[in-house]
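Reproduced below: entry01.cif, with mmCIF, C-alpha atoms and all ligand atoms.
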```
data_data
#
loop_
_atom_site.label_atom_id
_atom_site.label_comp_id
_atom_site.auth_asym_id
_atom_site.auth_seq_id
_atom_site.Cartn_x
_atom_site.Cartn_y
_atom_site.Cartn_z
CA MET A 1 -5.48 -24.40 2.72
CA SER A 2 -5.30 -23.67 -0.93
CA GLY A 3 -3.97 -21.04 -3.29
CA VAL A 4 -1.78 -18.60 -1.39
CA GLY A 5 -1.92 -15.57 -3.64
CA GLY A 6 -4.65 -17.07 -5.81
CA PRO A 7 -4.49 -17.02 -9.59
CA PRO A 8 -3.06 -13.97 -11.36
CA LEU A 9 -5.22 -10.91 -10.96
CA ALA A 10 -6.39 -10.69 -14.57
CA ARG A 11 -7.62 -14.27 -14.52
CA ARG A 12 -9.22 -13.75 -11.18
CA MET A 13 -11.05 -10.65 -12.34
CA ALA A 14 -12.27 -12.49 -15.44
CA GLU A 15 -13.47 -15.34 -13.25
CA LEU A 16 -15.23 -12.89 -10.96
CA GLY A 17 -16.86 -11.13 -13.87
CA ARG A 18 -18.18 -14.37 -15.30
CA GLY A 19 -19.23 -15.52 -11.85
CA MET A 20 -21.10 -12.34 -11.04
CA ALA A 21 -22.95 -12.57 -14.32
CA ARG A 22 -23.92 -16.14 -13.53
CA TYR A 23 -25.24 -15.32 -10.06
CA PRO A 24 -27.02 -11.99 -10.41
CA GLY A 25 -29.17 -12.71 -7.37
CA LEU A 26 -26.30 -13.32 -4.97
CA GLU A 27 -26.19 -9.82 -3.47
CA ALA A 28 -29.96 -9.62 -3.23
CA ALA A 29 -30.39 -13.07 -1.66
CA GLN A 30 -28.86 -11.98 1.65
CA TRP A 31 -31.69 -9.46 2.10
CA MET A 32 -34.52 -11.90 1.31
CA ALA A 33 -37.08 -12.65 4.00
CA PRO A 34 -36.12 -15.79 5.95
CA GLU A 35 -39.09 -17.77 4.56
CA ARG A 36 -38.13 -16.98 0.96
CA LEU A 37 -34.54 -17.96 1.67
CA GLN A 38 -35.74 -21.25 3.12
CA ASP A 39 -37.72 -21.94 -0.03
CA LEU A 40 -34.71 -21.16 -2.21
CA GLN A 41 -32.50 -23.39 -0.08
CA TRP A 42 -34.99 -26.25 -0.23
CA GLN A 43 -35.30 -26.06 -4.03
CA ARG A 44 -31.53 -26.22 -4.37
CA LEU A 45 -31.26 -28.99 -1.79
CA ARG A 46 -33.71 -31.18 -3.70
CA ARG A 47 -31.63 -30.80 -6.85
CA VAL A 48 -28.45 -31.73 -4.97
CA VAL A 49 -30.10 -34.81 -3.46
CA GLN A 50 -31.38 -35.93 -6.86
CA HIS A 51 -27.96 -35.37 -8.42
CA ALA A 52 -26.05 -37.19 -5.66
CA ALA A 53 -28.41 -40.18 -5.59
CA THR A 54 -28.17 -40.53 -9.36
CA HIS A 55 -24.55 -39.76 -10.19
CA SER A 56 -22.35 -40.39 -7.14
CA PRO A 57 -21.45 -44.07 -6.53
CA LEU A 58 -21.39 -43.70 -2.73
CA TYR A 59 -24.78 -41.99 -2.49
CA ARG A 60 -26.35 -44.27 -5.08
CA ARG A 61 -25.36 -47.18 -2.86
CA ARG A 62 -26.50 -45.47 0.35
CA PHE A 63 -29.92 -44.62 -1.07
CA ALA A 64 -30.35 -48.18 -2.36
CA GLN A 65 -29.28 -49.68 0.98
CA ALA A 66 -31.69 -47.45 2.88
CA GLY A 67 -34.47 -48.17 0.40
CA ILE A 68 -34.99 -44.45 -0.20
CA ARG A 69 -35.53 -42.77 -3.58
CA PRO A 70 -34.57 -39.12 -3.96
CA GLU A 71 -38.20 -38.22 -4.70
CA ASP A 72 -39.11 -39.60 -1.25
CA ILE A 73 -37.28 -36.63 0.31
CA ARG A 74 -40.16 -34.16 0.49
CA THR A 75 -39.52 -32.38 3.77
CA PRO A 76 -36.54 -31.41 5.94
CA GLU A 77 -37.59 -34.25 8.28
CA ASP A 78 -37.23 -36.72 5.38
CA PHE A 79 -33.79 -35.30 4.66
CA ARG A 80 -32.73 -35.88 8.27
CA GLN A 81 -33.38 -39.60 7.81
CA LEU A 82 -30.43 -39.88 5.45
CA PRO A 83 -27.27 -41.28 7.04
CA PRO A 84 -24.62 -38.58 7.58
CA THR A 85 -21.42 -38.42 5.57
CA THR A 86 -18.24 -38.66 7.65
CA ARG A 87 -14.59 -37.78 7.28
CA ASP A 88 -13.94 -41.50 6.75
CA ASP A 89 -16.08 -41.34 3.60
CA LEU A 90 -13.72 -38.69 2.26
CA ARG A 91 -10.81 -41.10 2.35
CA ALA A 92 -12.06 -42.56 -0.92
CA PRO A 93 -13.07 -39.40 -2.81
CA GLY A 94 -13.46 -41.39 -6.03
CA GLU A 95 -16.57 -42.93 -4.52
CA LEU A 96 -18.08 -39.51 -3.98
CA LEU A 97 -17.17 -37.92 -7.31
CA ALA A 98 -20.14 -37.67 -9.66
CA GLU A 99 -19.97 -39.25 -13.08
CA GLY A 100 -19.02 -36.78 -15.78
CA PHE A 101 -16.57 -34.91 -13.54
CA PRO A 102 -13.11 -36.38 -14.23
CA GLU A 103 -10.72 -35.77 -11.37
CA ASP A 104 -8.00 -34.18 -13.50
CA ARG A 105 -10.35 -31.38 -14.58
CA LEU A 106 -11.39 -30.41 -11.07
CA ARG A 107 -10.14 -27.93 -8.49
CA ARG A 108 -9.02 -29.45 -5.23
CA SER A 109 -8.45 -28.50 -1.59
CA THR A 110 -6.59 -30.58 0.96
CA THR A 111 -7.06 -30.30 4.72
CA SER A 112 -4.01 -29.35 6.76
CA GLY A 113 -4.27 -32.59 8.70
CA SER A 114 -4.21 -30.91 12.09
CA THR A 115 -7.16 -33.03 13.15
CA GLY A 116 -5.65 -36.26 11.92
CA ARG A 117 -5.64 -37.65 8.40
CA ARG A 118 -5.44 -35.38 5.39
CA THR A 119 -8.39 -35.48 3.03
CA THR A 120 -8.90 -33.95 -0.40
CA SER A 121 -12.10 -32.36 -1.66
CA TYR A 122 -12.85 -31.68 -5.34
CA PHE A 123 -14.83 -28.80 -6.83
CA ASP A 124 -16.15 -28.13 -10.30
CA GLU A 125 -15.32 -24.74 -11.79
CA ARG A 126 -18.68 -23.13 -10.99
CA ALA A 127 -18.58 -24.34 -7.40
CA TRP A 128 -15.03 -23.07 -7.03
CA VAL A 129 -15.78 -19.56 -8.28
CA LEU A 130 -18.91 -19.29 -6.18
CA SER A 131 -17.49 -20.65 -2.93
CA LYS A 132 -13.95 -19.40 -3.15
CA TYR A 133 -14.61 -15.90 -4.48
CA LEU A 134 -18.21 -14.75 -4.78
CA LEU A 135 -19.59 -15.79 -1.39
CA LYS A 136 -16.49 -14.42 0.30
CA LEU A 137 -16.75 -11.18 -1.63
CA ARG A 138 -20.36 -10.73 -0.55
CA ALA A 139 -19.40 -11.19 3.09
CA ARG A 140 -16.28 -9.01 3.04
CA ARG A 141 -18.13 -6.18 1.30
CA ALA A 142 -20.74 -6.28 4.04
CA CYS A 143 -17.90 -5.54 6.49
CA GLY A 144 -16.60 -2.59 4.50
CA LEU A 145 -13.85 -4.13 2.36
CA GLN A 146 -13.45 -2.24 -0.91
CA PRO A 147 -11.90 -3.48 -4.18
CA TRP A 148 -8.97 -1.08 -3.83
CA HIS A 149 -8.08 -2.16 -0.30
CA ARG A 150 -4.81 -3.94 0.29
CA VAL A 151 -5.15 -7.29 2.01
CA ALA A 152 -2.53 -9.16 4.07
CA LEU A 153 -2.98 -12.88 4.55
CA PHE A 154 -1.13 -14.42 7.48
CA GLN A 155 -1.18 -18.10 6.74
CA GLU A 156 0.51 -21.44 6.65
CA ASP A 157 3.02 -21.41 3.84
CA GLY A 158 6.73 -21.94 3.42
CA SER A 159 7.31 -19.76 0.40
CA ALA A 160 5.81 -16.40 1.36
CA ALA A 161 8.43 -13.72 0.85
CA THR A 162 8.97 -10.77 3.14
CA GLN A 163 9.86 -8.51 0.19
CA VAL A 164 6.54 -7.06 -0.84
CA PRO A 165 6.11 -5.53 -4.31
CA SER A 166 4.40 -2.19 -3.77
CA HIS A 167 1.90 -2.59 -6.63
CA LYS A 168 0.30 -5.72 -5.22
CA ARG A 169 -3.14 -5.58 -3.63
CA SER A 170 -2.73 -8.73 -1.59
CA HIS A 171 0.20 -10.45 -0.01
CA ALA A 172 0.69 -13.64 1.99
CA PHE A 173 2.93 -13.67 5.04
CA SER A 174 4.04 -16.99 6.44
CA ILE A 175 3.06 -17.54 10.06
CA HIS A 176 5.98 -19.93 10.38
CA ARG A 177 8.54 -17.15 9.97
CA PRO A 178 9.68 -15.23 13.07
CA ILE A 179 7.39 -12.30 13.82
CA ALA A 180 10.41 -9.95 14.05
CA GLU A 181 11.03 -10.71 10.38
CA ILE A 182 7.39 -10.28 9.33
CA LEU A 183 6.80 -7.00 11.18
CA PRO A 184 8.80 -4.55 9.03
CA ALA A 185 7.42 -6.08 5.81
CA ALA A 186 3.86 -5.95 7.11
CA GLU A 187 4.39 -2.35 8.19
CA ARG A 188 5.65 -1.37 4.72
CA PHE A 189 2.76 -3.16 3.01
CA ALA A 190 0.27 -1.23 5.19
CA ALA A 191 -2.70 -3.45 4.43
CA HIS A 192 -6.25 -2.24 5.08
CA ALA A 193 -7.44 -5.73 5.97
CA TYR A 194 -5.84 -8.72 7.66
CA TYR A 195 -6.80 -12.37 7.37
CA GLY A 196 -5.53 -15.10 9.72
CA PHE A 197 -5.81 -17.21 12.85
CA PRO A 198 -6.85 -15.41 16.07
CA GLY A 199 -3.97 -16.77 18.18
CA TYR A 200 -1.43 -15.47 15.69
CA PHE A 201 -2.95 -11.99 15.74
CA VAL A 202 -2.64 -11.84 19.53
CA GLN A 203 1.10 -12.42 19.14
CA LEU A 204 1.43 -10.04 16.20
CA ALA A 205 -0.45 -7.21 17.93
CA GLN A 206 1.69 -7.65 21.01
CA ALA A 207 4.90 -7.51 19.01
CA ALA A 208 3.74 -4.60 16.83
CA GLN A 209 3.05 -2.21 19.73
CA GLY A 210 0.85 0.00 17.55
CA ARG A 211 3.06 -0.07 14.44
CA LEU A 212 0.49 -2.01 12.42
CA ARG A 213 -2.81 -0.24 11.73
CA PRO A 214 -5.21 -2.40 9.71
CA ARG A 215 -8.76 -1.08 9.40
CA MET A 216 -10.35 -4.48 9.82
CA ILE A 217 -9.30 -7.99 10.78
CA PHE A 218 -10.88 -11.21 9.55
CA THR A 219 -10.23 -14.28 11.68
CA SER A 220 -10.97 -17.94 11.04
CA GLY A 221 -9.69 -21.43 11.70
CA GLU A 222 -9.74 -21.38 15.50
CA LEU A 223 -12.18 -20.89 18.32
CA LEU A 224 -12.43 -17.11 18.78
CA ASP A 225 -13.27 -16.51 22.43
CA PRO A 226 -14.28 -13.05 23.72
CA PHE A 227 -10.93 -12.64 25.49
CA THR A 228 -8.91 -13.20 22.34
CA ARG A 229 -11.22 -10.95 20.31
CA ARG A 230 -10.72 -8.12 22.77
CA ALA A 231 -6.95 -8.59 22.80
CA ILE A 232 -6.80 -8.33 19.00
CA GLU A 233 -9.18 -5.37 18.78
CA GLU A 234 -7.30 -3.45 21.46
CA GLY A 235 -3.91 -4.38 20.01
CA PHE A 236 -4.73 -3.19 16.50
CA GLN A 237 -7.45 -0.64 17.34
CA ALA A 238 -9.63 -2.24 14.65
CA PRO A 239 -12.75 -4.43 14.58
CA VAL A 240 -12.53 -8.22 14.28
CA PHE A 241 -14.94 -10.12 12.01
CA ASP A 242 -14.88 -13.87 12.50
CA VAL A 243 -15.52 -16.26 9.63
CA TYR A 244 -16.51 -19.90 9.91
CA GLY A 245 -15.70 -22.33 7.16
CA CYS A 246 -13.94 -25.56 6.33
CA THR A 247 -11.83 -26.94 3.54
CA GLU A 248 -14.54 -29.30 2.35
CA VAL A 249 -17.30 -26.71 2.00
CA LYS A 250 -15.40 -23.36 2.03
CA GLU A 251 -17.06 -20.40 3.68
CA VAL A 252 -20.13 -21.27 5.73
CA ALA A 253 -20.94 -18.29 7.97
CA TRP A 254 -19.56 -14.86 8.80
CA GLU A 255 -20.01 -11.91 11.11
CA CYS A 256 -21.48 -8.65 9.86
CA PRO A 257 -20.78 -5.31 11.60
CA ALA A 258 -23.69 -5.93 13.99
CA HIS A 259 -21.71 -8.82 15.58
CA ALA A 260 -24.89 -10.64 16.63
CA GLY A 261 -23.61 -14.03 15.53
CA HIS A 262 -22.41 -15.51 12.23
CA HIS A 263 -24.65 -15.16 9.15
CA LEU A 264 -25.09 -18.54 7.53
CA ASN A 265 -24.80 -18.51 3.72
CA ALA A 266 -28.18 -20.23 3.73
CA ASP A 267 -28.82 -19.69 0.03
CA TRP A 268 -25.91 -22.01 -0.79
CA VAL A 269 -25.26 -24.09 2.34
CA MET A 270 -27.68 -26.17 4.38
CA LEU A 271 -26.63 -26.41 8.03
CA GLU A 272 -28.14 -28.79 10.57
CA ILE A 273 -27.39 -29.07 14.26
CA ASP A 274 -27.59 -32.51 15.81
CA PRO A 275 -29.41 -32.79 18.13
CA PRO A 276 -31.69 -30.01 16.88
CA GLY A 277 -32.74 -27.25 19.24
CA ALA A 278 -29.56 -26.92 21.28
CA ALA A 279 -25.80 -26.87 20.90
CA GLY A 280 -24.65 -29.88 18.94
CA LYS A 281 -22.72 -31.32 16.06
CA VAL A 282 -22.64 -29.32 12.82
CA LEU A 283 -23.76 -31.11 9.63
CA LEU A 284 -23.22 -29.33 6.33
CA THR A 285 -24.67 -29.83 2.87
CA PRO A 286 -23.15 -27.49 0.25
CA LEU A 287 -25.67 -26.75 -2.47
CA TYR A 288 -23.27 -25.85 -5.26
CA ASN A 289 -20.74 -28.60 -5.73
CA ARG A 290 -21.90 -30.98 -8.44
CA ALA A 291 -18.48 -32.58 -8.82
CA MET A 292 -18.30 -33.94 -5.29
CA PRO A 293 -21.70 -33.76 -3.64
CA LEU A 294 -21.72 -33.98 0.14
CA LEU A 295 -24.93 -34.69 2.01
CA ARG A 296 -25.11 -34.08 5.75
CA TYR A 297 -21.34 -33.90 6.21
CA VAL A 298 -20.24 -34.15 9.85
CA VAL A 299 -17.49 -31.59 9.84
CA GLY A 300 -16.26 -32.17 13.40
CA ASP A 301 -17.31 -28.82 14.87
CA THR A 302 -20.11 -27.94 17.21
CA GLY A 303 -22.42 -24.96 17.17
CA MET A 304 -25.92 -23.69 17.69
CA LEU A 305 -28.61 -21.82 15.79
CA LEU A 306 -29.45 -18.43 17.26
CA PRO A 307 -33.05 -17.24 17.44
CA GLY A 308 -34.20 -13.96 15.93
CA ARG A 309 -33.02 -11.84 13.10
CA CYS A 310 -29.92 -9.66 12.88
CA ALA A 311 -30.30 -5.90 13.36
CA CYS A 312 -28.57 -5.38 9.98
CA GLY A 313 -31.75 -6.56 8.24
CA ARG A 314 -30.25 -9.51 6.39
CA GLY A 315 -32.45 -12.57 6.18
CA LEU A 316 -29.49 -14.93 6.42
CA PRO A 317 -30.00 -16.81 9.71
CA LEU A 318 -27.56 -16.44 12.60
CA ILE A 319 -25.51 -19.23 14.10
CA ARG A 320 -22.82 -19.52 16.72
CA PRO A 321 -20.48 -22.00 15.12
CA THR A 322 -17.45 -21.95 17.32
CA LEU A 323 -18.28 -23.74 20.50
CA GLY A 324 -15.15 -25.67 19.57
CA ARG A 325 -14.16 -28.76 17.76
CA SER A 326 -15.74 -31.91 19.13
CA VAL A 327 -12.31 -33.32 19.92
CA ASP A 328 -11.58 -30.44 22.28
CA TYR A 329 -14.55 -31.05 24.51
CA LEU A 330 -13.40 -31.86 28.02
CA ARG A 331 -14.73 -35.04 29.55
CA LEU A 332 -15.10 -34.55 33.27
CA PRO A 333 -15.15 -37.13 36.05
CA GLY A 334 -18.70 -38.45 36.27
CA GLY A 335 -19.08 -38.55 32.52
CA THR A 336 -20.25 -35.02 31.68
CA THR A 337 -18.71 -33.22 28.73
CA LEU A 338 -17.86 -29.54 28.67
CA ALA A 339 -17.64 -27.27 25.62
CA PRO A 340 -14.42 -25.24 25.31
CA TYR A 341 -16.63 -22.16 25.21
CA SER A 342 -17.73 -22.70 28.83
CA LEU A 343 -14.14 -22.37 30.01
CA THR A 344 -13.29 -19.36 27.92
CA CYS A 345 -16.49 -17.56 28.93
CA ALA A 346 -15.82 -18.17 32.62
CA ILE A 347 -12.53 -16.28 32.58
CA GLU A 348 -13.16 -13.66 29.91
CA ASP A 349 -13.26 -10.73 32.35
CA ILE A 350 -10.12 -11.58 34.27
CA GLU A 351 -7.34 -9.09 33.63
CA GLY A 352 -3.61 -9.59 33.44
CA MET A 353 -3.24 -12.26 30.76
CA ARG A 354 -1.78 -11.80 27.30
CA GLN A 355 -2.73 -15.27 26.18
CA TYR A 356 -3.75 -18.55 27.72
CA GLN A 357 -4.35 -22.19 26.98
CA PHE A 358 -6.22 -24.94 28.80
CA VAL A 359 -4.83 -28.46 28.62
CA GLN A 360 -6.67 -31.39 30.15
CA THR A 361 -3.85 -33.73 31.11
CA GLU A 362 -5.80 -36.18 33.30
CA PRO A 363 -9.54 -36.70 33.80
CA ALA A 364 -9.44 -34.63 37.00
CA ARG A 365 -6.56 -32.33 36.18
CA LEU A 366 -6.58 -29.19 34.12
CA LEU A 367 -3.50 -27.16 33.32
CA LEU A 368 -3.98 -23.45 32.57
CA ARG A 369 -0.96 -21.92 30.86
CA VAL A 370 -0.82 -18.15 31.12
CA VAL A 371 1.42 -15.65 29.37
CA PRO A 372 1.18 -12.96 32.06
CA ARG A 373 1.17 -9.21 31.78
CA ASP A 374 2.92 -7.14 34.45
CA ASP A 375 -0.31 -6.81 36.42
CA PHE A 376 -0.83 -10.57 36.69
CA GLY A 377 -0.39 -11.54 40.33
CA ALA A 378 -1.61 -13.79 43.11
CA HIS A 379 -4.97 -12.02 42.99
CA SER A 380 -5.32 -12.97 39.30
CA GLU A 381 -4.62 -16.62 40.05
CA ALA A 382 -7.18 -16.54 42.85
CA ALA A 383 -9.76 -14.96 40.54
CA LEU A 384 -9.11 -17.60 37.88
CA ARG A 385 -9.55 -20.44 40.36
CA GLN A 386 -12.71 -18.89 41.72
CA ALA A 387 -14.17 -18.45 38.23
CA LEU A 388 -13.31 -21.97 37.15
CA ALA A 389 -14.36 -23.89 40.26
CA PRO A 390 -18.09 -24.02 39.43
CA VAL A 391 -17.40 -24.83 35.75
CA VAL A 392 -15.11 -27.82 36.40
CA PRO A 393 -16.21 -29.22 39.76
CA GLY A 394 -13.91 -31.89 41.17
CA VAL A 395 -11.08 -30.97 38.81
CA GLU A 396 -7.74 -29.75 40.08
CA VAL A 397 -6.63 -26.63 38.22
CA ALA A 398 -2.91 -25.96 37.95
CA ILE A 399 -1.81 -22.52 36.73
CA GLU A 400 1.53 -22.25 35.02
CA ARG A 401 3.12 -18.95 33.96
CA VAL A 402 4.94 -19.25 30.65
CA GLN A 403 6.88 -16.93 28.33
CA GLU A 404 4.91 -17.98 25.30
CA ILE A 405 2.41 -20.54 24.07
CA PRO A 406 3.79 -22.27 21.02
CA PRO A 407 1.37 -22.93 18.15
CA GLU A 408 0.78 -26.39 16.78
CA ARG A 409 2.75 -27.52 13.76
CA SER A 410 0.00 -26.15 11.52
CA GLY A 411 0.51 -22.70 13.02
CA LYS A 412 -2.84 -22.78 14.82
CA TYR A 413 -3.31 -22.16 18.50
CA ARG A 414 -5.66 -24.37 20.40
CA ILE A 415 -7.11 -22.53 23.36
CA VAL A 416 -8.58 -25.67 24.84
CA GLN A 417 -6.92 -28.98 24.30
CA SER A 418 -7.75 -32.38 25.67
CA CYS A 419 -4.90 -34.86 25.92
CA LEU A 420 -7.19 -37.73 26.91
CA PRO A 421 -7.44 -40.56 24.39
CA PRO A 422 -10.69 -39.94 22.47
CA ASP A 423 -12.38 -43.18 23.36
CA ARG A 424 -11.18 -43.73 26.88
CA PRO A 425 -14.09 -43.66 29.26
CA VAL A 426 -13.71 -41.15 32.07
CA THR A 427 -14.74 -42.40 35.49
ZN ZN A 501 -26.14 -8.91 10.36
#
```

The structure given in the file should be rewritten as structure tokens.
Amino acid sequence: MSGVGGPPLARRMAELGRGMARYPGLEAAQWMAPERLQDLQWQRLRRVVQHAATHSPLYRRRFAQAGIRPEDIRTPEDFRQLPPTTRDDLRAPGELLAEGFPEDRLRRSTTSGSTGRRTTSYFDERAWVLSKYLLKLRARRACGLQPWHRVALFQEDGSAATQVPSHKRSHAFSIHRPIAEILPAAERFAAHAYYGFPGYFVQLAQAAQGRLRPRMIFTSGELLDPFTRRAIEEGFQAPVFDVYGCTEVKEVAWECPAHAGHHLNADWVMLEIDPPGAAGKVLLTPLYNRAMPLLRYVVGDTGMLLPGRCACGRGLPLIRPTLGRSVDYLRLPGGTTLAPYSLTCAIEDIEGMRQYQFVQTEPARLLLRVVPRDDFGAHSEAALRQALAPVVPGVEVAIERVQEIPPERSGKYRIVQSCLPPDRPVT
């Protein structure tokens, strides 16, 4: 996570002004026909490939080892022959940095480390303005956010104050502070829009009991299952728009008011699903970052491309990115794997829960922690077991009622968590 309040407003506005002038086609690109967008994406991709193969030590080596020249990449099929870039490659960012982009002149973002080792990504100024401000602005405007709206960010941060100056348009609240302390400050600030992790908003809505009235809520960073979405929307009486992104690439895809999936920023990000044609691993190639080019980056999430075009009329393709992080797939006895989404979908209509979490403790044992509402009873437990039995055959499901589900150290909630060692075979 980077930049809590961002740079001072004046500087940010100047950056935005310059950025807008540099990308006059950004607003229009989202409405282009899908074929034209594909052409635009391909032209930009070819330039990125050429740049990486020429100026980045790692890619220069990879191309030489594979015996491929950048001009050999003539079709998307050719591009898929390139070896993917992994998180391990990011451990030596100096190898990725392109010549002519000295590290001390670049913007940087560091991962929170919740998935293991921390890594740092570098951005040149143009890439930073485009990915950190302009693409986000395009998406938020599509959802109704206006320049004069006040925005509350609920995020990881130790320094966020609860005293909010009334003239500020945006304010960061630390999710590590007790909610009882955050509530009055958030109520006074009266933001139009909220940003944060879904699991946190479930807790906040519950504690607020109608005292907080945002007009819209933007979620990211965690799997947003239908159950959690409904809990947030009912709690705040406001629509939820989910955003998919990562530290290394920034914003990748976002929901518009039609809620038909997440619109991929296809003009500036190439997304592949491996294997193609079904749900699989997400590979990303940002098309703007000349400082630290990334080709076919395996980000550690899974997702799928959705067929058809959104009712809103945008040509940006639709994806469903949040089938869960690869590490949270359950491995069942017999060797099959199960996406977190299958579990959350199975129980989405069961009433009586405020929040829940699945933990796979043993290959054939699944613990379901439930923060119950008053109407949660034996019938709810029976319904849960009945709904889960066909999804996890041969697995014993234990249901535990708890007062609360604590977040991880990062402040994120993991709805589905596997405690099995990643490489241990399940028999
Ligand atoms: Zn749409």

Given 10 Å and only C-alpha atoms and all ligand atoms, residues near ligand ZN 501 (chain A) as a ChimeraX atom specification:
/A:30-31,142-143,254-263,309-318

Proximity of stretch 129-193 of chain A to stretch 223-244 of chain A: per-residue shortest pair, 10 Å limit, all atoms listed in the file, as JSON lines:
```
{"residue": "A:Lys136", "atom": "CA", "partner": "A:Val243", "partner_atom": "CA", "distance": 9.6}
{"residue": "A:Ala139", "atom": "CA", "partner": "A:Val243", "partner_atom": "CA", "distance": 9.1}
{"residue": "A:Arg140", "atom": "CA", "partner": "A:Phe241", "partner_atom": "CA", "distance": 9.1}
{"residue": "A:Cys143", "atom": "CA", "partner": "A:Phe241", "partner_atom": "CA", "distance": 7.8}
{"residue": "A:Ala193", "atom": "CA", "partner": "A:Ala238", "partner_atom": "CA", "distance": 9.6}
```

A straight line from atom CA of A:Ala389 to atom CA of A:Glu404 spans 25.1 Å

request  = Excluding A:Cys246 and residues on its chain fewer than 6 positions from it, collect all residues at most 9 Å away from it, counting all atoms listed in the file, and give them as a VMD selection string.
outcome  = chain A and resid 111 221 252 299

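Picture a line from atom CA of A:Leu96 to atom CA of A:Ser56; it runs 5.4 Å.
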
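Compared by their closest atoms to A:Thr219, and using all atoms listed in the file, the residues A:Lys412, A:Ser121, A:Pro406, A:Met32 rank with A:Lys412 nearest.
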
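Residue nearest A:Asp72 within the list A:Ile319, A:Val49, A:Met353, A:Ile273: A:Val49 [criterion: smallest interatomic distance, all atoms listed in the file].
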